[in-house]
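Structure, as structure tokens:
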Amino acid sequence: MNEGKEMDKKLNILVAEDDRMSRAFITEFMTAYGSVDAATNGMEAVDLFIESIKSKKPYDLLCLDIMMPKVDGLKVLQVVRELEEQQHIEKKIKIIMMSALSEVDYVQEAFRLGCDAYAAKPIDTEKVIEAMLNLGLIA
């Protein structure tokens, strides 16, 4: 794994996952790539995203579960992309949808709304690393 490698730039990462075990796993895994904040539901994810924009410390990556309480991942994705438009943010956050849902409709909708990659659960860390490489987040 890449844990020992020094990254060019530490990423600012937001993990939005309601399942405690999955959230702990993804958060722990992502700490190798930068600082990680975790949200337990969609509303919290949106709040943290807005806070990051206001404080001029935007997230580079959002790992977003689709099925979450209060506000689901697809709605979070839609809100984030709309906020980026409204705020004229040029460097858009990279979003990797993470879900046990393999229904094609959800995945297609996520890409239609502007996600950058999709990772099925259980999370395969090698596939997540590959997605991060493809998105230019890590070298």
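Simple scheme: letters A, B, ... for chains in structure tokens order, numbers from 1 for residues in each chain, numbers from 1 for ligands in the order shown.
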
Inset, instruction - For Tyr106 (chain A), work out the shell of residues within 12 Å, counting only C-alpha atoms and skipping chain neighbours fewer than 4 positions away, then give it as a list in words. - result: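 Contacts, in chain order: Asp65, Ile66, Met67, Asp72, Gly73, Leu74, Lys75, Met97, Met98, Ser99, Ala100, Leu101, Ser102, Ala110, Phe111, Arg112, Leu113, Cys115, Tyr118 and Ala120 of chain A.
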
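Near Pro69 (chain A), within 9 Å and counting only C-alpha atoms, sit A:Asp18, A:Thr40, A:Asn41, A:Gly42, A:Met43, A:Met67, A:Val71, A:Asp72; same-chain residues fewer than 2 positions away were not included.
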
Legend entry - Distance of CA of Leu14 (chain A) from CA of Val36 (chain A), expressed in Å to one decimal place: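 Between CA of Val36 (chain A) and CA of Leu14 (chain A) the gap is 5.7 Å.
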
Legend entry - Atom pair CA of Gly114 (chain A) / CA of Leu137 (chain A): separation (Å):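 CA of Leu137 (chain A) lies 16.8 Å from CA of Gly114 (chain A).
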
To test your reading of the structure, identify every residue in region 101-138 of chain A that backbone DSSP assigns to strand (DSSP E), and report it as a PDB file with N, CA and C atoms, in the first residue's frame.
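So the final result, stored in selection05.pdb, reads:
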ATOM      1  N   ALA A 117     -16.388   9.242  -9.708  1.00  0.00           N
ATOM      2  CA  ALA A 117     -16.048   7.816  -9.690  1.00  0.00           C
ATOM      3  C   ALA A 117     -17.041   7.093  -8.778  1.00  0.00           C
ATOM      4  N   TYR A 118     -17.069   5.770  -8.908  1.00  0.00           N
ATOM      5  CA  TYR A 118     -17.978   4.961  -8.104  1.00  0.00           C
ATOM      6  C   TYR A 118     -17.208   3.764  -7.555  1.00  0.00           C
ATOM      7  N   ALA A 119     -17.381   3.491  -6.271  1.00  0.00           N
ATOM      8  CA  ALA A 119     -16.741   2.332  -5.643  1.00  0.00           C
ATOM      9  C   ALA A 119     -17.812   1.523  -4.926  1.00  0.00           C
ATOM     10  N   ALA A 120     -17.941   0.269  -5.311  1.00  0.00           N
ATOM     11  CA  ALA A 120     -18.941  -0.604  -4.681  1.00  0.00           C
ATOM     12  C   ALA A 120     -18.433  -1.082  -3.326  1.00  0.00           C
TER      13      ALA A 120
END

Inset, instruction - Find the residue from A:Leu62, A:Val107, A:Ala139, A:Val79 that sits nearest to Ile95 (chain A); use only C-alpha atoms when measuring. - result: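 Ranked by minimum distance to Ile95 (chain A), first place goes to A:Leu62.
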
Inset, instruction - Give me the residues within 12 Å of Asn12 (chain A) as a ChimeraX atom specification, counting only C-alpha atoms and dropping any in the same chain fewer than 4 places off. - result: /A:27,30-38,48-49,52-53,56-63,93-94,137

Inset, instruction - Take CA of Ala45 (chain A) and CA of Ala16 (chain A) and report the distance between them in Å, one decimal. - result: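 Between CA of Ala45 (chain A) and CA of Ala16 (chain A) the gap works out to 5.9 Å.
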
Inset, instruction - Show which residues sit within 9 Å of Asp19 (chain A), as a ChimeraX atom specification. Count only C-alpha atoms, and ignore same-chain residues fewer than 4 positions away. - result: /A:23-24,40,68

Inset, instruction - Pull the helix (DSSP H, G or I) assignments for region 19-91 of chain A out of DSSP run on the backbone, and list those residues as a PyMOL selection string. - result: chain A and resi 20-30+42-54+73-86
